[in-house]
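Let me begin by presenting the structure, written as structure tokens, before commenting on it.
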Amino acid sequence: MTTTPPSPRRPRVQELDWRPTALGDLSLRRRLEPTLRVDVYEVLLGEDYLMSSLFTVAEVELARLGLAELPGSGLDVVVGGLGLGYTARAVLEDSRVRSLRVVEALPEIIEWHENGLLPRADELTGDPRCVFVRGDFFAMAAGEDGQALARSHAILVDIDHTPQHVLHPSHAAFYTVPGVRRLAGHLHPGGVFGLWSDDPPDAGFMMVLDEVFASSTAHVVTFANPLTGGESANTVYVARLPNA
């Protein structure tokens with residue numbers, strides 16, 4: 001977020017881009033949050049809010065909690081879902097990271113970063129370790145043209161709202177034991193899978209993770225909600241394969 005002085009000439013909400021996509025109408029807008037006097041960037045798919053720069057604590061923690069499970073250096077990381085770039089930037093803040101591939105199904109979101117429509121986009125586009133990969137992350141995880149995932153030390157995913165509330169029905173198979181097992185096949189021994197969710201920890205999904213991984217934890221990440229004056233929470237799942 002960037003602090004913005006009040007201006008009588010500037011509209012409170014500005015639509016920076018709008019595109020029709022296979023998933024619905026995608027829009028990027030910037031609005032002035034009057035209570036905080038900051039610019040807030042929001043992405044909407046139809047009437048559904050996908051992401052907001054007002055709430056990014058758990059997106060950052062997805063990277064930090066996931067990478068904290070890994071020893072050593074020379075880490076190759078995949079992020080599923082580019083969004084506003086918060087998880088990807090947090091990955092690059094770890095000096096141990098050798099490469100980052102960010103898989104994004106919507107080319108419009110990649111263009112927003114490449115064209116500088118989003119603040120701090122140059123921290124991704126200007127870092128030689130970071131590569132944007134256009135494609136369906138879930139198809140790649142299932143083994144369809146999975147070269148972008150290759151063998152990674154960590155795969156961190158922030159695409160659907162929750163394992164139960166998915167953006168497209170085709171995503172649902174990913175959150176099953178066979179789906180997670182196929183994903184695990186893209187990880188090195190001792191590798192880490194991390195997932196962001198908007199809901200409290202899901203016991204059913206924890207059972208799925210326990211079936212595939214040697215260890216798994218559901219971290220409840222709390223943060224201040226300036227719109228309600230209270231506190232909100234997301235969940236970050238972190239699961240680790242056994243070492244060879």
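Every chain in the structure tokens has a letter given in the order shown (A, B, ...), and although residue numbers restart at 1 in each chain, ligands are simply numbered from 1 in the order shown.
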inquiry  = Which residues are close to His113 (chain A), i.e. within 9 Å by only C-alpha atoms, leaving aside same-chain residues fewer than 4 positions away? Reply as a PyMOL selection string.
reply    = chain A and resi 84-85+108-109+117-122+124-125
The selected residues should be written to file as an mmCIF file, in the first residue's frame (atoms: N, CA, C and O atoms).
```cif
data_model
loop_
_atom_site.group_PDB
_atom_site.id
_atom_site.type_symbol
_atom_site.label_atom_id
_atom_site.label_comp_id
_atom_site.auth_asym_id
_atom_site.auth_seq_id
_atom_site.Cartn_x
_atom_site.Cartn_y
_atom_site.Cartn_z
ATOM 1 N N LEU A 84 -1.140 -10.292 -6.709
ATOM 2 C CA LEU A 84 -0.516 -8.981 -6.580
ATOM 3 C C LEU A 84 0.977 -9.091 -6.285
ATOM 4 O O LEU A 84 1.644 -8.086 -6.081
ATOM 5 N N GLY A 85 1.489 -10.309 -6.215
ATOM 6 C CA GLY A 85 2.939 -10.507 -6.125
ATOM 7 C C GLY A 85 3.511 -10.588 -4.728
ATOM 8 O O GLY A 85 4.738 -10.684 -4.576
ATOM 9 N N GLU A 108 -3.358 -11.791 -18.268
ATOM 10 C CA GLU A 108 -3.600 -10.386 -17.935
ATOM 11 C C GLU A 108 -2.872 -10.002 -16.649
ATOM 12 O O GLU A 108 -2.335 -8.881 -16.538
ATOM 13 N N ILE A 109 -2.853 -10.900 -15.668
ATOM 14 C CA ILE A 109 -2.193 -10.602 -14.398
ATOM 15 C C ILE A 109 -0.684 -10.490 -14.594
ATOM 16 O O ILE A 109 -0.032 -9.613 -14.011
ATOM 17 N N LEU A 117 1.702 -1.772 -13.811
ATOM 18 C CA LEU A 117 0.437 -1.258 -13.295
ATOM 19 C C LEU A 117 0.320 -1.442 -11.786
ATOM 20 O O LEU A 117 -0.503 -0.795 -11.142
ATOM 21 N N LEU A 118 1.145 -2.328 -11.240
ATOM 22 C CA LEU A 118 1.087 -2.620 -9.813
ATOM 23 C C LEU A 118 2.334 -2.100 -9.111
ATOM 24 O O LEU A 118 3.430 -2.153 -9.664
ATOM 25 N N PRO A 119 2.186 -1.581 -7.892
ATOM 26 C CA PRO A 119 3.368 -1.088 -7.170
ATOM 27 C C PRO A 119 4.322 -2.218 -6.860
ATOM 28 O O PRO A 119 3.916 -3.358 -6.618
ATOM 29 N N ARG A 120 5.597 -1.930 -6.922
ATOM 30 C CA ARG A 120 6.686 -2.872 -6.602
ATOM 31 C C ARG A 120 6.774 -4.022 -7.602
ATOM 32 O O ARG A 120 7.457 -5.013 -7.328
ATOM 33 N N ALA A 121 6.125 -3.890 -8.755
ATOM 34 C CA ALA A 121 6.207 -4.954 -9.757
ATOM 35 C C ALA A 121 7.629 -5.161 -10.242
ATOM 36 O O ALA A 121 8.028 -6.276 -10.593
ATOM 37 N N ASP A 122 8.421 -4.088 -10.234
ATOM 38 C CA ASP A 122 9.795 -4.192 -10.721
ATOM 39 C C ASP A 122 10.668 -5.080 -9.831
ATOM 40 O O ASP A 122 11.702 -5.584 -10.266
ATOM 41 N N LEU A 124 9.884 -7.957 -8.989
ATOM 42 C CA LEU A 124 9.770 -9.280 -9.610
ATOM 43 C C LEU A 124 10.345 -9.271 -11.015
ATOM 44 O O LEU A 124 11.167 -10.120 -11.363
ATOM 45 N N THR A 125 9.923 -8.310 -11.832
ATOM 46 C CA THR A 125 10.365 -8.287 -13.230
ATOM 47 C C THR A 125 11.853 -7.977 -13.348
ATOM 48 O O THR A 125 12.495 -8.354 -14.334
#
```
So that each row is one residue of region 46-93 of chain A with an atom at most 9 Å from region 148-159 of chain A, can you give its shortest atom pair and the distance in Å to one decimal, using only C-alpha atoms, rows by chain and rising number, as JSON lines?
```
{"residue": "A:Leu50", "atom": "CA", "partner": "A:Ile159", "partner_atom": "CA", "distance": 8.7}
{"residue": "A:Glu59", "atom": "CA", "partner": "A:Asp158", "partner_atom": "CA", "distance": 7.6}
{"residue": "A:Leu62", "atom": "CA", "partner": "A:Leu156", "partner_atom": "CA", "distance": 7.0}
{"residue": "A:Ala63", "atom": "CA", "partner": "A:Leu156", "partner_atom": "CA", "distance": 7.0}
{"residue": "A:Gly66", "atom": "CA", "partner": "A:Ala154", "partner_atom": "CA", "distance": 7.2}
{"residue": "A:Leu67", "atom": "CA", "partner": "A:Ala154", "partner_atom": "CA", "distance": 7.2}
{"residue": "A:Leu70", "atom": "CA", "partner": "A:His153", "partner_atom": "CA", "distance": 7.8}
{"residue": "A:Leu75", "atom": "CA", "partner": "A:His153", "partner_atom": "CA", "distance": 6.0}
{"residue": "A:Asp76", "atom": "CA", "partner": "A:Ser152", "partner_atom": "CA", "distance": 5.2}
{"residue": "A:Val77", "atom": "CA", "partner": "A:Ala154", "partner_atom": "CA", "distance": 4.9}
{"residue": "A:Val78", "atom": "CA", "partner": "A:Ile155", "partner_atom": "CA", "distance": 4.7}
{"residue": "A:Val79", "atom": "CA", "partner": "A:Leu156", "partner_atom": "CA", "distance": 4.8}
{"residue": "A:Gly80", "atom": "CA", "partner": "A:Val157", "partner_atom": "CA", "distance": 4.5}
{"residue": "A:Gly81", "atom": "CA", "partner": "A:Ile159", "partner_atom": "CA", "distance": 5.2}
{"residue": "A:Leu82", "atom": "CA", "partner": "A:Asp158", "partner_atom": "CA", "distance": 8.1}
{"residue": "A:Gly83", "atom": "CA", "partner": "A:Ile159", "partner_atom": "CA", "distance": 8.2}
{"residue": "A:Thr87", "atom": "CA", "partner": "A:Asp158", "partner_atom": "CA", "distance": 8.4}
```
For C-alpha atoms, I'd like the residues from the last selection saved as a short mmCIF file (atom, residue, chain, number, x, y, z; two decimals), in the first residue's frame.
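Output contents, as saved in selection.cif:
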```
data_model
loop_
_atom_site.label_atom_id
_atom_site.label_comp_id
_atom_site.auth_asym_id
_atom_site.auth_seq_id
_atom_site.Cartn_x
_atom_site.Cartn_y
_atom_site.Cartn_z
CA LEU A 50 -9.79 -12.40 -5.61
CA GLU A 59 0.32 -14.27 1.60
CA LEU A 62 2.95 -18.47 3.06
CA ALA A 63 6.46 -17.84 1.73
CA GLY A 66 7.18 -22.60 3.83
CA LEU A 67 10.82 -21.67 3.31
CA LEU A 70 13.96 -25.94 4.36
CA LEU A 75 16.60 -23.36 -3.33
CA ASP A 76 14.38 -23.73 -6.39
CA VAL A 77 10.85 -22.53 -5.64
CA VAL A 78 7.53 -22.54 -7.49
CA VAL A 79 4.66 -20.20 -6.63
CA GLY A 80 1.26 -21.15 -7.98
CA GLY A 81 -0.73 -17.94 -8.50
CA LEU A 82 0.92 -14.56 -9.11
CA GLY A 83 -1.84 -12.29 -7.84
CA THR A 87 4.10 -14.23 -1.96
#
```
inquiry  = Would you pick out the contacts of Ala214 (chain A) at 6 Å or less, using only C-alpha atoms, so that residues sharing its chain but fewer than 5 positions from it are not included, and give the list as a VMD selection string?
reply    = chain A and resid 240 to 242
Residues from last step as file, N, CA and C atoms, as a short mmCIF file (atom, residue, chain, number, x, y, z; two decimals), in the first residue's frame:
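The result, written out as out.cif:
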```cif
data_model
loop_
_atom_site.label_atom_id
_atom_site.label_comp_id
_atom_site.auth_asym_id
_atom_site.auth_seq_id
_atom_site.Cartn_x
_atom_site.Cartn_y
_atom_site.Cartn_z
N ARG A 240 5.69 -31.27 4.68
CA ARG A 240 7.07 -31.58 4.27
C ARG A 240 7.23 -33.07 4.01
N LEU A 241 7.91 -33.40 2.91
CA LEU A 241 8.21 -34.78 2.58
C LEU A 241 9.34 -35.30 3.47
N PRO A 242 9.44 -36.59 3.64
CA PRO A 242 10.60 -37.13 4.37
C PRO A 242 11.87 -36.94 3.56
#
```
ask   = Got a sec to tell me which of region 36-244 of chain A DSSP assigns to strand (DSSP E), as a ChimeraX atom specification?
value = /A:38-45,48-52,75-80,97-104,130-134,152-157,187-197,215-225,230-240
Store the residues picked out above in a file with C-alpha atoms, as a short mmCIF file (atom, residue, chain, number, x, y, z; two decimals), in the first residue's frame.
```cif
data_model
loop_
_atom_site.label_atom_id
_atom_site.label_comp_id
_atom_site.auth_asym_id
_atom_site.auth_seq_id
_atom_site.Cartn_x
_atom_site.Cartn_y
_atom_site.Cartn_z
CA VAL A 38 -3.81 4.67 1.33
CA ASP A 39 -4.16 3.30 -2.19
CA VAL A 40 -5.65 -0.18 -2.18
CA TYR A 41 -5.28 -2.40 -5.25
CA GLU A 42 -8.02 -4.98 -5.79
CA VAL A 43 -8.56 -7.76 -8.32
CA LEU A 44 -12.09 -8.90 -9.05
CA LEU A 45 -13.34 -11.87 -11.06
CA ASP A 48 -15.92 -12.00 -6.60
CA TYR A 49 -12.94 -10.40 -4.85
CA LEU A 50 -9.79 -12.40 -5.61
CA MET A 51 -7.21 -10.31 -3.81
CA SER A 52 -6.61 -7.00 -2.10
CA LEU A 75 16.60 -23.36 -3.33
CA ASP A 76 14.38 -23.73 -6.39
CA VAL A 77 10.85 -22.53 -5.64
CA VAL A 78 7.53 -22.54 -7.49
CA VAL A 79 4.66 -20.20 -6.63
CA GLY A 80 1.26 -21.15 -7.98
CA VAL A 97 16.52 -18.85 -3.17
CA ARG A 98 18.28 -19.65 -6.43
CA SER A 99 15.28 -19.60 -8.75
CA LEU A 100 11.58 -18.74 -8.64
CA ARG A 101 9.00 -19.79 -11.20
CA VAL A 102 5.60 -18.14 -10.80
CA VAL A 103 2.82 -20.03 -12.58
CA GLU A 104 -0.20 -17.92 -13.52
CA CYS A 130 12.20 -14.77 -11.15
CA VAL A 131 10.42 -16.15 -14.23
CA PHE A 132 6.70 -15.88 -15.00
CA VAL A 133 5.17 -19.02 -16.49
CA ARG A 134 1.80 -18.74 -18.17
CA SER A 152 11.52 -28.05 -6.72
CA HIS A 153 12.42 -27.60 -3.09
CA ALA A 154 9.17 -25.79 -2.34
CA ILE A 155 5.83 -25.34 -4.10
CA LEU A 156 3.66 -22.59 -2.60
CA VAL A 157 0.08 -22.16 -3.81
CA LEU A 187 9.34 -32.05 -4.98
CA HIS A 188 12.83 -33.08 -3.94
CA PRO A 189 13.08 -35.37 -0.91
CA GLY A 190 12.45 -33.20 2.13
CA GLY A 191 10.58 -30.72 -0.08
CA VAL A 192 7.78 -28.47 1.13
CA PHE A 193 4.24 -27.83 -0.06
CA GLY A 194 2.52 -24.67 1.23
CA LEU A 195 -1.07 -23.54 0.68
CA TRP A 196 -2.99 -20.37 1.54
CA SER A 197 -6.64 -20.65 2.57
CA SER A 215 4.70 -33.79 8.61
CA SER A 216 2.02 -31.15 8.19
CA THR A 217 0.87 -28.09 10.10
CA ALA A 218 -2.03 -25.68 9.72
CA HIS A 219 -0.83 -22.24 10.81
CA VAL A 220 -3.55 -19.75 11.73
CA VAL A 221 -2.27 -16.31 10.68
CA THR A 222 -4.06 -13.39 12.31
CA PHE A 223 -3.92 -9.76 11.27
CA ALA A 224 -5.65 -6.48 12.01
CA ASN A 225 -8.68 -5.70 9.87
CA GLY A 230 -11.11 -6.13 14.71
CA GLU A 231 -8.96 -9.08 13.77
CA SER A 232 -9.18 -11.49 10.84
CA ALA A 233 -7.39 -14.75 10.11
CA ASN A 234 -6.28 -16.96 7.23
CA THR A 235 -4.73 -20.42 7.27
CA VAL A 236 -1.36 -21.42 5.85
CA TYR A 237 -0.84 -25.16 5.45
CA VAL A 238 2.78 -26.34 5.38
CA ALA A 239 3.64 -29.98 4.67
CA ARG A 240 7.07 -31.58 4.27
#
```
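Interatomic distance, CA of Trp112 (chain A) to CA of His171 (chain A): 24.2 Å.
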Counting only C-alpha atoms, the option among A:Gly179, A:Gly185, A:Pro226, A:Gly116 closest to Pro34 (chain A) =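 Nearest candidate to Pro34 (chain A) out of A:Gly179, A:Gly185, A:Pro226, A:Gly116: A:Pro226.
Of the residues under consideration (A:Glu111, A:Glu123, A:Ser170, A:Glu47), A:Ser170 shows the shortest atom-to-atom contact distance to Ala139 (chain A) when counting only C-alpha atoms.
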